[in-house]
Amino acid sequence: AYRAFEKSGNALLAAIALYLGLPEDYFKDKNQNGNSILRAIHYPPITVEPKSAIRAEQHEDINLITLLVGASADGLQILARQGDWVPVTSLPGQIVVNVGDMLQRLTNNKLRSTTHRVVNPSRELWHTSRFSIPFFLHPRSEVSLACLTECITRDNPKAYQDITAGVYLDER
């Protein structure tokens with residue numbers, strides 16, 4: 001499964017590179033033997049009245065992109081540009097892709113990190129678990145996250161200091 005996620009993630013990054021006006025293989029060597037993680041997340045059944053309707057508070061992922069295949073239950077929401085929380089469910093055969101902070105930095109905010117959260121299910125589903133298996137695609141530690149010159153303009157000046165992926169990860 002890990003290699004399939006890695007292959008899919010690299011195909012998506014190749015498409016992103018073309019969108020940014022970069023060579024299609026721009027990300028290929030940066031992710032090879034990188035720090036990517038395939039993680040299983042278990043949200044256990046709710047057994048007592050929760051203090052909040054939120055299971056995982058709003059956040060952005062630090063990596064380049066996150067790939068999510070169908071979770072075992074609903075609950076994932078993304079923050080739309082208009083400020084509304086929108087439920088997201090990946091159906092069979094679909095992959096939800098979130099932009100992470102490293103790609104936001106690299107693209108000088110041209111691609112924005114996806115703010116997301118996980119909310120509790122309705123009361124009648126409290127007895128159920130939710131499982132999610134995200135793949136966090138990370139570059140190698142020594143890869144530069146300096147803003148791409150293609151993404152710096154007079155209207156969009158450089159927003160971030162130069163840093164490597166490893167130092168950025170350590171800072172967070």
# chains A, B, ... in the order shown; residues from 1 in each chain; ligands from 1

$ closest_atom_pairs --of "stretch 41-63 of chain A" --to "stretch 75-81 of chain A" --cutoff "12 Å" --atoms "only C-alpha atoms" --output "Markdown table"
| residue | atom | partner | partner_atom | distance |
| --- | --- | --- | --- | --- |
| A:Tyr43 | CA | A:Gly75 | CA | 10.4 |
| A:Ala53 | CA | A:Gly75 | CA | 10.4 |
| A:Ile54 | CA | A:Gly75 | CA | 9.1 |
| A:Arg55 | CA | A:Gly75 | CA | 8.5 |
| A:Ala56 | CA | A:Leu76 | CA | 9.1 |
| A:Glu57 | CA | A:Gln77 | CA | 10.5 |
| A:Gln58 | CA | A:Ile78 | CA | 8.6 |
| A:His59 | CA | A:Ile78 | CA | 9.7 |
| A:Glu60 | CA | A:Ile78 | CA | 10.0 |

$ write_last_selection --atoms "C-alpha atoms" --output "tab-separated table (two decimals), in the first residue's frame"
chain	number	residue	atom	x	y	z
A	43	TYR	CA	-11.13	7.60	16.53
A	53	ALA	CA	-18.26	18.44	18.79
A	54	ILE	CA	-14.75	18.25	17.36
A	55	ARG	CA	-12.70	15.03	17.33
A	56	ALA	CA	-9.61	16.57	15.73
A	57	GLU	CA	-9.29	20.35	15.93
A	58	GLN	CA	-8.73	22.38	12.79
A	59	HIS	CA	-5.20	22.18	11.46
A	60	GLU	CA	-3.07	22.03	8.34

$ residues_around --residues "stretch 7-18 of chain A" --least-positions-apart "3" --cutoff "9 Å" --atoms "only C-alpha atoms" --output "ChimeraX atom specification"
/A:2-4,21-28,31,64-67,97,135,137

$ select_by_dssp --residues "stretch 14-159 of chain A" --states "helix (DSSP H, G or I)" --output "list of chain:residue names"
A:Ala14, A:Ala15, A:Ile16, A:Ala17, A:Leu18, A:Tyr19, A:Lys28, A:Asp29, A:Lys30, A:Asn31, A:Asp101, A:Met102, A:Leu103, A:Gln104, A:Arg105, A:Leu106, A:Arg123, A:Glu124, A:Leu125, A:Thr149, A:Glu150, A:Cys151
